[in-house]
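Participant: data30.tsv is reproduced in full below (TSV, C-alpha atoms).
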chain	number	residue	atom	x	y	z
A	47	MET	CA	6.67	27.64	-10.37
A	48	ARG	CA	8.09	27.00	-6.91
A	49	ARG	CA	7.06	23.63	-5.45
A	50	ARG	CA	4.80	23.96	-2.39
A	51	ALA	CA	3.46	21.35	0.01
A	52	MET	CA	-0.08	20.77	-1.19
A	53	ALA	CA	-1.40	19.59	2.16
A	54	GLY	CA	-0.58	20.12	5.81
A	55	PRO	CA	2.41	18.42	7.50
A	56	GLU	CA	0.25	15.61	8.94
A	57	ILE	CA	-0.77	14.44	5.47
A	58	GLU	CA	2.73	14.86	4.02
A	59	ARG	CA	4.14	12.76	6.88
A	60	LEU	CA	1.50	10.09	6.20
A	61	ILE	CA	2.43	9.95	2.50
A	62	GLN	CA	6.11	9.71	3.37
A	63	LEU	CA	5.56	6.76	5.73
A	64	LEU	CA	3.16	4.96	3.37
A	65	SER	CA	5.73	5.17	0.57
A	66	LYS	CA	8.06	3.02	2.71
A	67	LEU	CA	5.69	0.06	2.46
A	68	PRO	CA	6.71	-2.55	-0.12
A	69	GLY	CA	4.69	-2.20	-3.32
A	70	LEU	CA	3.83	1.44	-2.71
A	71	GLY	CA	5.85	4.02	-4.63
A	72	PRO	CA	5.50	7.77	-4.10
A	73	ARG	CA	2.54	7.89	-6.50
A	74	SER	CA	0.55	5.03	-4.98
A	75	ALA	CA	1.40	6.22	-1.45
A	76	ARG	CA	-0.26	9.50	-2.39
A	77	ARG	CA	-3.28	7.63	-3.73
A	78	ALA	CA	-3.49	5.54	-0.55
A	79	ALA	CA	-3.21	8.68	1.60
A	80	LEU	CA	-6.01	10.26	-0.40
A	81	ALA	CA	-8.24	7.23	0.16
A	82	LEU	CA	-7.48	7.42	3.88
A	83	VAL	CA	-8.19	11.15	4.05
A	84	LYS	CA	-11.49	10.70	2.25
A	85	ARG	CA	-12.53	7.70	4.35
A	86	LYS	CA	-11.55	8.95	7.77
A	87	ALA	CA	-14.13	7.12	9.87
A	88	ASP	CA	-14.25	3.74	8.15
A	89	LEU	CA	-10.59	3.37	7.10
A	90	MET	CA	-8.12	5.89	8.56
A	91	GLU	CA	-9.18	5.63	12.20
A	92	PRO	CA	-9.59	1.81	12.20
A	93	LEU	CA	-6.18	1.42	10.54
A	94	ALA	CA	-4.53	3.72	13.06
A	95	LYS	CA	-6.07	1.65	15.83
A	96	ALA	CA	-5.14	-1.69	14.24
A	97	LEU	CA	-1.53	-0.58	13.80
A	98	ALA	CA	-1.25	0.67	17.34
A	99	GLU	CA	-2.75	-2.55	18.69
A	100	ALA	CA	-0.56	-4.79	16.53
A	101	GLY	CA	2.46	-2.67	17.48
A	102	ARG	CA	1.73	-3.16	21.17
A	103	ALA	CA	1.01	-6.86	20.75
A	104	ILE	CA	3.76	-8.07	18.38
A	105	LYS	CA	6.36	-10.22	20.06
A	106	SER	CA	8.86	-12.87	19.06
A	107	CYS	CA	7.62	-16.39	19.85
A	108	SER	CA	9.83	-17.88	22.56
A	109	VAL	CA	9.43	-21.33	21.00
A	110	CYS	CA	9.98	-20.77	17.28
A	111	ARG	CA	10.91	-17.06	16.89
A	112	ASN	CA	7.85	-16.34	14.70
A	113	LEU	CA	6.49	-12.79	15.08
A	114	ASP	CA	2.93	-12.76	16.37
A	115	SER	CA	0.66	-10.98	18.81
A	116	GLN	CA	0.84	-13.89	21.22
A	117	ASP	CA	3.63	-15.94	22.76
A	118	PRO	CA	3.72	-18.84	22.05
A	119	CYS	CA	2.59	-17.82	18.56
A	120	SER	CA	-0.72	-18.89	16.98
A	121	ILE	CA	1.01	-21.80	15.28
A	122	CYS	CA	2.94	-23.11	18.30
A	123	ALA	CA	-0.21	-22.73	20.42
A	124	ASP	CA	-2.48	-24.56	17.96
A	125	PRO	CA	-3.19	-28.01	19.47
A	126	GLU	CA	-4.27	-29.36	16.07
A	127	ARG	CA	-0.86	-28.95	14.46
A	128	ASP	CA	1.37	-31.92	13.94
A	129	THR	CA	4.13	-31.91	16.56
A	130	ARG	CA	6.22	-34.50	14.72
A	131	ALA	CA	7.34	-32.23	11.87
A	132	LEU	CA	9.41	-29.05	12.15
A	133	CYS	CA	10.09	-26.75	9.23
A	134	ILE	CA	13.10	-24.39	9.28
A	135	VAL	CA	12.58	-21.12	7.40
A	136	GLU	CA	14.72	-18.01	7.01
A	137	ASP	CA	12.16	-15.45	8.06
A	138	VAL	CA	8.56	-14.75	8.96
A	139	GLY	CA	7.68	-13.99	5.34
A	140	ASP	CA	8.79	-17.50	4.36
A	141	LEU	CA	6.66	-18.96	7.15
A	142	TRP	CA	3.67	-17.00	5.81
A	143	ALA	CA	4.39	-18.28	2.30
A	144	MET	CA	4.43	-21.88	3.57
A	145	GLU	CA	1.15	-21.30	5.39
A	146	ARG	CA	-0.41	-19.80	2.26
A	147	ALA	CA	0.62	-22.86	0.27
A	148	GLY	CA	-1.25	-24.89	2.88
A	149	VAL	CA	0.87	-28.03	2.49
A	150	PHE	CA	2.47	-28.18	5.91
A	151	SER	CA	0.65	-28.73	9.18
A	152	GLY	CA	3.60	-29.01	11.56
A	153	ARG	CA	5.51	-26.31	13.41
A	154	TYR	CA	8.36	-23.98	12.50
A	155	HIS	CA	11.72	-22.62	13.49
A	156	VAL	CA	12.39	-19.11	12.19
A	157	LEU	CA	16.10	-18.39	11.74
A	158	GLY	CA	15.63	-14.67	11.18
A	159	GLY	CA	18.24	-14.60	8.41
A	160	THR	CA	21.11	-16.65	7.06
A	161	LEU	CA	24.67	-17.10	8.26
A	162	SER	CA	26.69	-14.14	7.07
A	163	ALA	CA	30.28	-13.41	8.01
A	164	LEU	CA	29.91	-10.02	6.32
A	165	ASP	CA	26.95	-8.96	8.44
A	166	GLY	CA	28.39	-10.66	11.52
A	167	ARG	CA	25.53	-13.18	11.77
A	168	GLY	CA	26.84	-16.39	13.27
A	169	PRO	CA	25.01	-19.54	14.45
A	170	GLU	CA	23.89	-17.91	17.72
A	171	ALA	CA	21.97	-15.21	15.80
A	172	LEU	CA	19.90	-17.92	14.10
A	173	GLY	CA	18.63	-19.30	17.41
A	174	LEU	CA	20.17	-22.71	16.72
A	175	ASP	CA	20.52	-23.44	20.45
A	176	LEU	CA	16.76	-23.00	20.76
A	177	LEU	CA	16.30	-25.36	17.81
A	178	LEU	CA	18.66	-28.01	19.21
A	179	ASN	CA	16.92	-27.81	22.58
A	180	ARG	CA	13.58	-28.47	20.91
A	181	LEU	CA	15.05	-31.48	19.14
A	182	GLU	CA	16.25	-32.89	22.49
A	183	ALA	CA	12.67	-33.38	23.60
A	184	PRO	CA	11.07	-36.50	22.13
A	185	GLY	CA	8.42	-36.28	19.43
A	186	ILE	CA	9.97	-34.53	16.44
A	187	GLU	CA	10.54	-37.03	13.65
A	188	GLU	CA	11.26	-34.86	10.63
A	189	VAL	CA	13.07	-31.56	10.16
A	190	ILE	CA	12.43	-29.89	6.80
A	191	LEU	CA	14.97	-27.32	5.57
A	192	ALA	CA	12.84	-24.80	3.66
A	193	LEU	CA	15.58	-22.23	3.06
A	194	ASN	CA	15.85	-20.05	-0.02
A	195	ALA	CA	17.66	-21.57	-3.00
A	196	THR	CA	20.26	-18.79	-2.81
A	197	VAL	CA	23.97	-19.13	-2.03
A	198	GLU	CA	23.42	-17.85	1.53
A	199	GLY	CA	20.32	-19.99	2.07
A	200	GLN	CA	22.05	-23.13	0.85
A	201	ALA	CA	25.22	-22.45	2.86
A	202	THR	CA	23.06	-22.04	5.97
A	203	ALA	CA	21.16	-25.25	5.15
A	204	HIS	CA	24.49	-27.10	4.86
A	205	TYR	CA	25.64	-25.74	8.21
A	206	ILE	CA	22.41	-26.79	9.92
A	207	ALA	CA	22.57	-30.23	8.29
A	208	ASP	CA	26.10	-30.61	9.70
A	209	ARG	CA	24.96	-29.59	13.18
A	210	LEU	CA	22.09	-32.11	13.06
A	211	HIS	CA	24.30	-34.92	11.74
A	212	GLY	CA	23.97	-38.03	13.84
A	213	HIS	CA	20.73	-36.76	15.34
A	214	ARG	CA	17.87	-39.25	15.21
A	215	VAL	CA	15.46	-36.97	13.31
A	216	GLY	CA	14.94	-37.35	9.56
A	217	LEU	CA	16.28	-34.33	7.70
A	218	THR	CA	14.76	-33.26	4.37
A	219	ARG	CA	14.87	-30.23	2.12
A	220	LEU	CA	12.47	-28.78	-0.44
A	221	ALA	CA	12.79	-30.24	-3.93
A	222	HIS	CA	14.38	-28.23	-6.73
A	223	GLY	CA	12.70	-28.33	-10.13
A	224	MET	CA	10.60	-26.50	-12.65
A	225	PRO	CA	8.14	-24.02	-11.20
A	226	MET	CA	4.50	-24.82	-12.05
A	227	GLY	CA	3.66	-23.18	-15.37
A	228	GLY	CA	7.36	-22.71	-16.14
A	229	GLU	CA	8.66	-23.05	-19.69
A	230	LEU	CA	11.94	-24.81	-20.46
A	231	GLY	CA	13.15	-22.04	-22.75
A	232	TYR	CA	12.93	-19.48	-19.96
A	233	LEU	CA	14.41	-21.65	-17.22
A	234	ASP	CA	17.90	-20.95	-15.90
A	235	ASP	CA	20.46	-23.71	-16.37
A	236	GLY	CA	20.76	-24.48	-12.66
A	237	THR	CA	17.04	-25.11	-12.26
A	238	LEU	CA	16.79	-27.12	-15.47
A	239	GLY	CA	19.77	-29.25	-14.41
A	240	ALA	CA	18.25	-29.85	-10.96
A	241	ALA	CA	14.87	-30.75	-12.50
A	242	PHE	CA	16.58	-33.18	-14.88
A	243	ARG	CA	18.62	-34.87	-12.17
A	244	ALA	CA	15.56	-35.20	-9.93
A	245	ARG	CA	13.37	-36.60	-12.72
A	246	ARG	CA	10.68	-39.03	-11.65
A	247	LYS	CA	8.95	-42.04	-13.18
A	248	VAL	CA	5.55	-41.29	-14.72
B	222	MET	CA	-5.79	-29.26	4.76
B	223	ARG	CA	-8.06	-26.98	6.74
B	224	ARG	CA	-7.22	-23.28	6.40
B	225	ARG	CA	-6.00	-21.76	9.67
B	226	ALA	CA	-5.22	-18.17	10.58
B	227	MET	CA	-1.44	-18.01	10.37
B	228	ALA	CA	-1.07	-15.12	12.76
B	229	GLY	CA	-2.98	-13.65	15.67
B	230	PRO	CA	-6.18	-11.61	15.20
B	231	GLU	CA	-4.31	-8.26	15.44
B	232	ILE	CA	-2.19	-9.07	12.39
B	233	GLU	CA	-5.13	-10.54	10.45
B	234	ARG	CA	-7.13	-7.37	11.13
B	235	LEU	CA	-4.19	-5.26	9.91
B	236	ILE	CA	-3.96	-7.23	6.67
B	237	GLN	CA	-7.71	-6.90	6.13
B	238	LEU	CA	-7.60	-3.09	6.54
B	239	LEU	CA	-4.47	-2.65	4.42
B	240	SER	CA	-6.11	-4.58	1.57
B	241	LYS	CA	-8.76	-1.84	1.39
B	242	LEU	CA	-6.17	0.72	0.30
B	243	PRO	CA	-6.15	1.40	-3.44
B	244	GLY	CA	-3.32	-0.44	-5.18
B	245	LEU	CA	-3.00	-3.10	-2.46
B	246	GLY	CA	-4.59	-6.47	-3.17
B	247	PRO	CA	-4.73	-9.30	-0.61
B	248	ARG	CA	-1.21	-10.41	-1.56
B	249	SER	CA	0.48	-7.01	-1.33
B	250	ALA	CA	-1.48	-6.18	1.84
B	251	ARG	CA	0.08	-9.27	3.37
B	252	ARG	CA	3.52	-8.16	2.20
B	253	ALA	CA	2.96	-4.67	3.62
B	254	ALA	CA	1.78	-6.14	6.94
B	255	LEU	CA	4.89	-8.29	7.06
B	256	ALA	CA	7.12	-5.25	6.51
B	257	LEU	CA	5.26	-3.47	9.32
B	258	VAL	CA	5.56	-6.42	11.69
B	259	LYS	CA	9.27	-6.72	10.99
B	260	ARG	CA	9.90	-2.98	11.32
B	261	LYS	CA	7.84	-2.26	14.39
B	262	ALA	CA	9.84	0.64	15.81
B	263	ASP	CA	10.76	2.54	12.67
B	264	LEU	CA	7.63	1.94	10.56
B	265	MET	CA	4.63	0.41	12.34
B	266	GLU	CA	4.58	2.69	15.36
B	267	PRO	CA	5.32	5.91	13.41
B	268	LEU	CA	2.60	5.04	10.89
B	269	ALA	CA	0.07	4.34	13.64
B	270	LYS	CA	0.91	7.71	15.15
B	271	ALA	CA	0.80	9.54	11.81
B	272	LEU	CA	-2.60	8.06	10.98
B	273	ALA	CA	-4.04	8.91	14.37
B	274	GLU	CA	-2.71	12.47	14.13
B	275	ALA	CA	-3.94	12.96	10.57
B	276	GLY	CA	-7.30	11.44	11.57
B	277	ARG	CA	-7.64	13.93	14.42
B	278	ALA	CA	-6.50	16.85	12.28
B	279	ILE	CA	-8.29	16.33	8.93
B	280	LYS	CA	-11.07	18.80	8.32
B	281	SER	CA	-12.92	20.27	5.35
B	282	CYS	CA	-11.66	23.75	4.44
B	283	SER	CA	-14.43	26.26	5.10
B	284	VAL	CA	-13.27	28.36	2.14
B	285	CYS	CA	-12.73	25.81	-0.64
B	286	ARG	CA	-13.82	22.41	0.78
B	287	ASN	CA	-10.36	20.90	0.34
B	288	LEU	CA	-9.48	18.27	2.97
B	289	ASP	CA	-6.48	19.26	5.07
B	290	SER	CA	-5.21	19.28	8.61
B	291	GLN	CA	-5.82	23.00	8.90
B	292	ASP	CA	-8.76	25.30	8.18
B	293	PRO	CA	-8.38	27.33	6.00
B	294	CYS	CA	-6.36	24.69	4.14
B	295	SER	CA	-2.64	25.04	3.31
B	296	ILE	CA	-3.52	26.40	-0.12
B	297	CYS	CA	-6.14	28.95	0.97
B	298	ALA	CA	-3.82	30.06	3.79
B	299	ASP	CA	-0.77	30.48	1.55
B	300	PRO	CA	-0.25	34.24	1.07
B	301	GLU	CA	1.90	33.65	-2.01
B	302	ARG	CA	-0.88	32.09	-4.07
B	303	ASP	CA	-2.57	34.11	-6.76
B	304	THR	CA	-5.98	35.28	-5.51
B	305	ARG	CA	-7.16	36.26	-8.96
B	306	ALA	CA	-7.60	32.72	-10.32
B	307	LEU	CA	-9.92	30.02	-9.00
B	308	CYS	CA	-9.93	26.46	-10.26
B	309	ILE	CA	-13.01	24.25	-9.84
B	310	VAL	CA	-12.26	20.54	-9.38
B	311	GLU	CA	-14.45	17.54	-8.65
B	312	ASP	CA	-12.58	16.19	-5.67
B	313	VAL	CA	-9.47	16.40	-3.51
B	314	GLY	CA	-7.65	13.87	-5.70
B	315	ASP	CA	-8.07	16.19	-8.69
B	316	LEU	CA	-6.74	19.10	-6.65
B	317	TRP	CA	-3.68	17.00	-5.74
B	318	ALA	CA	-3.22	16.12	-9.43
B	319	MET	CA	-3.31	19.82	-10.38
B	320	GLU	CA	-0.77	20.60	-7.66
B	321	ARG	CA	1.50	17.80	-8.84
B	322	ALA	CA	1.38	19.18	-12.38
B	323	GLY	CA	2.57	22.47	-10.87
B	324	VAL	CA	0.97	24.70	-13.52
B	325	PHE	CA	-1.56	26.54	-11.38
B	326	SER	CA	-0.76	28.94	-8.56
B	327	GLY	CA	-4.24	30.18	-7.72
B	328	ARG	CA	-6.85	28.76	-5.37
B	329	TYR	CA	-9.48	26.06	-5.66
B	330	HIS	CA	-13.09	25.17	-5.15
B	331	VAL	CA	-13.67	21.47	-4.47
B	332	LEU	CA	-17.13	20.29	-5.54
B	333	GLY	CA	-16.86	16.92	-3.81
B	334	GLY	CA	-18.52	15.15	-6.74
B	335	THR	CA	-20.67	15.87	-9.76
B	336	LEU	CA	-24.37	16.59	-10.14
B	337	SER	CA	-26.21	13.29	-10.08
B	338	ALA	CA	-29.95	12.88	-10.01
B	339	LEU	CA	-29.44	9.16	-9.39
B	340	ASP	CA	-27.33	9.69	-6.26
B	341	GLY	CA	-29.46	12.65	-5.17
B	342	ARG	CA	-26.58	15.13	-5.50
B	343	GLY	CA	-27.99	18.51	-6.44
B	344	PRO	CA	-26.31	21.94	-6.68
B	345	GLU	CA	-26.35	22.44	-2.91
B	346	ALA	CA	-24.22	19.31	-2.38
B	347	LEU	CA	-21.49	20.83	-4.56
B	348	GLY	CA	-21.13	23.90	-2.35
B	349	LEU	CA	-22.08	26.23	-5.17
B	350	ASP	CA	-23.46	28.82	-2.73
B	351	LEU	CA	-20.01	28.96	-1.13
B	352	LEU	CA	-18.49	29.39	-4.59
B	353	LEU	CA	-20.91	32.15	-5.62
B	354	ASN	CA	-20.26	33.98	-2.34
B	355	ARG	CA	-16.54	33.91	-3.03
B	356	LEU	CA	-17.14	35.33	-6.49
B	357	GLU	CA	-19.16	38.21	-4.99
B	358	ALA	CA	-16.03	39.54	-3.29
B	359	PRO	CA	-13.78	41.51	-5.65
B	360	GLY	CA	-10.48	40.09	-6.87
B	361	ILE	CA	-11.23	36.89	-8.74
B	362	GLU	CA	-10.75	37.44	-12.46
B	363	GLU	CA	-10.73	33.91	-13.89
B	364	VAL	CA	-12.60	30.72	-13.01
B	365	ILE	CA	-11.16	27.57	-14.56
B	366	LEU	CA	-13.42	24.54	-14.89
B	367	ALA	CA	-11.07	21.57	-14.39
B	368	LEU	CA	-13.71	18.85	-14.29
B	369	ASN	CA	-13.27	15.34	-15.63
B	370	ALA	CA	-13.97	14.83	-19.33
B	371	THR	CA	-16.76	12.39	-18.44
B	372	VAL	CA	-20.49	12.78	-19.12
B	373	GLU	CA	-21.14	13.68	-15.46
B	374	GLY	CA	-18.16	16.04	-15.28
B	375	GLN	CA	-19.14	17.85	-18.44
B	376	ALA	CA	-22.81	18.09	-17.44
B	377	THR	CA	-21.72	19.61	-14.13
B	378	ALA	CA	-19.38	22.02	-15.95
B	379	HIS	CA	-22.28	23.11	-18.15
B	380	TYR	CA	-24.49	23.69	-15.13
B	381	ILE	CA	-21.83	25.78	-13.39
B	382	ALA	CA	-21.18	27.76	-16.57
B	383	ASP	CA	-24.93	28.53	-16.73
B	384	ARG	CA	-24.97	29.66	-13.10
B	385	LEU	CA	-21.98	31.95	-13.69
B	386	HIS	CA	-23.44	33.36	-16.91
B	387	GLY	CA	-23.45	37.16	-16.86
B	388	HIS	CA	-20.94	37.20	-14.01
B	389	ARG	CA	-17.97	39.49	-14.59
B	390	VAL	CA	-15.32	36.75	-14.17
B	391	GLY	CA	-13.71	35.11	-17.17
B	392	LEU	CA	-14.69	31.43	-17.42
B	393	THR	CA	-12.33	28.88	-18.99
B	394	ARG	CA	-12.05	25.10	-19.16
B	395	LEU	CA	-9.12	22.71	-19.66
B	396	ALA	CA	-8.26	22.00	-23.32
B	397	HIS	CA	-9.11	18.66	-24.90
B	398	GLY	CA	-6.51	17.05	-27.13
B	399	MET	CA	-3.91	14.34	-27.50
B	400	PRO	CA	-2.23	13.26	-24.25
B	401	MET	CA	1.55	13.79	-24.26
B	402	GLY	CA	3.19	10.69	-25.73
B	403	GLY	CA	-0.14	9.55	-27.19
B	404	GLU	CA	-0.29	7.80	-30.53
B	405	LEU	CA	-2.99	8.55	-33.09
B	406	GLY	CA	-3.72	4.89	-33.75
B	407	TYR	CA	-4.58	4.28	-30.10
B	408	LEU	CA	-6.61	7.46	-29.58
B	409	ASP	CA	-10.38	7.27	-29.21
B	410	ASP	CA	-12.42	9.10	-31.85
B	411	GLY	CA	-13.74	11.71	-29.43
B	412	THR	CA	-10.26	12.80	-28.35
B	413	LEU	CA	-8.90	12.76	-31.89
B	414	GLY	CA	-11.85	14.84	-33.10
B	415	ALA	CA	-11.35	17.34	-30.27
B	416	ALA	CA	-7.62	17.56	-30.96
B	417	PHE	CA	-8.30	18.15	-34.65
B	418	ARG	CA	-10.89	20.86	-34.05
B	419	ALA	CA	-8.63	22.61	-31.55
B	420	ARG	CA	-5.57	22.47	-33.85
B	421	ARG	CA	-3.13	25.35	-33.54
B	422	LYS	CA	-0.78	27.17	-35.86
B	423	VAL	CA	2.83	26.01	-35.61
As structure tokens, what does this structure read like?
Facilitator:
Amino acid sequence: MRRRAMAGPEIERLIQLLSKLPGLGPRSARRAALALVKRKADLMEPLAKALAEAGRAIKSCSVCRNLDSQDPCSICADPERDTRALCIVEDVGDLWAMERAGVFSGRYHVLGGTLSALDGRGPEALGLDLLLNRLEAPGIEEVILALNATVEGQATAHYIADRLHGHRVGLTRLAHGMPMGGELGYLDDGTLGAAFRARRKV
Amino acid sequence: MRRRAMAGPEIERLIQLLSKLPGLGPRSARRAALALVKRKADLMEPLAKALAEAGRAIKSCSVCRNLDSQDPCSICADPERDTRALCIVEDVGDLWAMERAGVFSGRYHVLGGTLSALDGRGPEALGLDLLLNRLEAPGIEEVILALNATVEGQATAHYIADRLHGHRVGLTRLAHGMPMGGELGYLDDGTLGAAFRARRKV
């Protein structure tokens, strides 16, 4: 049997766009589209509106390069956050992960990627001038490098550490070690070695 | 540490709505929102537009009660579909599943649910008058009951079979049996019994 579109072009287009979201394959995009079609008033129309509004509002924070609907972003504008600590992350997703963990109450600098000769991303693409300017002003006492434990992340962390060398702020990085719930037998050698070297007194 | 919103209200609202889609929990809704925020021009804005357009366009087909952006729906309007066969399904998701399977080239009637005394859904809610009217016109030779193999689905199938009793159309239902790839040891007794009773010569 010849394959036909089973719904009009508007619905097919919706399925196609939904399947681009992370975590939604073609099958679950179809299921999501079905839910939207069946719940037009209480889900499809509000979501259309929310997306349009967020799309209009999203901007890059001029202080920390976070993406938010306000500039300065919700975090930079929050008077209750600690202005003495600054956490450097690769991208907005990492900032969100830090916020979910709920361990950090300072502010951020979002690099927007790592250094990459291949992709032509040099220091200027990471907004390091913006970062260094912020560090000129008094107040920041600690800069935390919360970059991914990948080759690119660590190379970028090294570069930033070099640039901040001699600066009066304390520079720290996230600890390496066993993930919570991790089992030795399943751990890669690099992580196990790092956890061993960083062992602590009990 | 006190929990703060980590992004402006527009993004939080987006996450909240996305988490209502089937298959997206709070975590994956957050991930989807992040992808949208980072891909504003090529994903967020097109999706907002697609949803708004689909929302404006979606209507119930006046012939078969399918949901589509046109009336009659893409299937009822397709001149290449077989007008002799009519398949009765519970809802639009079941119609989509039939279309995905690609085994049926006729048209549909969408009940929009099953009979349910508890939920106050009687025969009129299933559009049976619409169905019987279609059967009055000449041309339809077979009606296929493709209802779920649940108590409600089967009770509804029985009711429809009663209503069509004495009508000149042939009435069939989907076969019960082992699912493809199924293993006997994992099969429920009802399915195994049905598969045994419906055994075929090889």
Participant: Please work out which residues fall within 12 Å of (2.4, 15.6, 6.5), coordinates as given in the file, with only C-alpha atoms counting, and return them as a compact mmCIF listing (two decimals) with C-alpha atoms, in the coordinates of the input.
Facilitator:
# COMPACT_ATOMS: atom_id res chain seq x y z
CA ALA A 51 3.46 21.35 0.01
CA MET A 52 -0.08 20.77 -1.19
CA ALA A 53 -1.40 19.59 2.16
CA GLY A 54 -0.58 20.12 5.81
CA PRO A 55 2.41 18.42 7.50
CA GLU A 56 0.25 15.61 8.94
CA ILE A 57 -0.77 14.44 5.47
CA GLU A 58 2.73 14.86 4.02
CA ARG A 59 4.14 12.76 6.88
CA LEU A 60 1.50 10.09 6.20
CA ILE A 61 2.43 9.95 2.50
CA GLN A 62 6.11 9.71 3.37
CA LEU A 63 5.56 6.76 5.73
CA LEU A 64 3.16 4.96 3.37
CA ARG A 76 -0.26 9.50 -2.39
CA ALA A 79 -3.21 8.68 1.60
CA VAL A 83 -8.19 11.15 4.05
CA LEU B 268 2.60 5.04 10.89
CA LYS B 270 0.91 7.71 15.15
CA ALA B 271 0.80 9.54 11.81
CA LEU B 272 -2.60 8.06 10.98
CA GLU B 274 -2.71 12.47 14.13
CA ALA B 275 -3.94 12.96 10.57
CA GLY B 276 -7.30 11.44 11.57
CA ALA B 278 -6.50 16.85 12.28
CA ILE B 279 -8.29 16.33 8.93
CA ASP B 289 -6.48 19.26 5.07
CA SER B 290 -5.21 19.28 8.61
CA GLN B 291 -5.82 23.00 8.90
CA SER B 295 -2.64 25.04 3.31
Participant: Taking into account all atoms listed in the file, which residue in the set A:Gly223, A:Leu177, A:Gly228, A:Thr160 is nearest to Tyr205 of chain A?
Facilitator: A:Thr160
Participant: So that I can check the surroundings of segment 238-247 of chain A, please list as a ChimeraX atom specification every protein, DNA and RNA residue that reaches within 6 Å of it, counting all atoms listed in the file and ignoring chain neighbours fewer than 2 positions away.
Facilitator: /A:222-223,235-236
Participant: Would you write out those residues with C-alpha atoms, as a short mmCIF file (atom, residue, chain, number, x, y, z; two decimals), in the coordinates of the input?
Facilitator:
data_model
loop_
_atom_site.label_atom_id
_atom_site.label_comp_id
_atom_site.auth_asym_id
_atom_site.auth_seq_id
_atom_site.Cartn_x
_atom_site.Cartn_y
_atom_site.Cartn_z
CA HIS A 222 14.38 -28.23 -6.73
CA GLY A 223 12.70 -28.33 -10.13
CA ASP A 235 20.46 -23.71 -16.37
CA GLY A 236 20.76 -24.48 -12.66
#
Participant: Pull the neighbourhood of (-15.0, 15.8, -15.1) for me: all residues within 12 Å in file coordinates, counting all atoms listed in the file, as number ranges by chain.
Facilitator: B: 309-312, 315, 332-336, 366-379, 394-395, 397
Participant: Measure the distance from atom CA of Ser108 of chain A to atom CA of Ser162 of chain A in Å and round it to one decimal.
Facilitator: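 Pair atom CA of Ser108 of chain A / atom CA of Ser162 of chain A returns 23.2 Å.
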Participant: Kindly indicate which residue among B:Arg389, B:Arg321, B:Arg286, B:Arg305 lies nearest to chain A, using all atoms listed in the file for the distances.
Facilitator: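 Checking each candidate against chain A, we get B:Arg321 as the closest.
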Participant: Ranking B:Thr304, B:Cys297, B:Met401, B:Gly314 by minimum distance to chain A and counting all atoms listed in the file, which one comes first?
Facilitator: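 Closest candidate: B:Gly314.
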Participant: List as a ChimeraX atom specification the protein and nucleic acid residues near Pro243 of chain B, meaning an atom at most 12 Å away when all atoms listed in the file are counted, but skip any in the same chain fewer than 6 places from it.
Facilitator: /A:69-70,73-82,85,89 /B:249-250
Participant: May I ask for the distance between atom CA of Lys105 of chain A and atom CA of His155 of chain A, given in Å to one decimal place?
Facilitator: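 Atom CA of His155 of chain A lies 15.0 Å from atom CA of Lys105 of chain A.
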Participant: How many Å separate atom CA of Arg302 of chain B from atom CA of Phe325 of chain B?
Facilitator: 9.2 Å
Participant: Fewer than 5 positions away in the same chain doesn't count, so skip those; otherwise give me all residues within 12 Å of Glu182 of chain A, counting only C-alpha atoms, as a list of chain:residue names.
Facilitator: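 Near Glu182 of chain A, the qualifying residues are A:Asp175, A:Leu176, A:Leu177, A:Glu187, A:Leu210, A:His213, A:Arg214, A:Val215.
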Participant: Could you list, as a list in words, every residue within 8 Å of Asn112 of chain A, counting all atoms listed in the file and ignoring same-chain residues fewer than 2 positions away?
Facilitator: Ser106, Cys107, Cys110, Asp114, Cys119, Asp137, Val138, Tyr154, His155 and Val156 of chain A
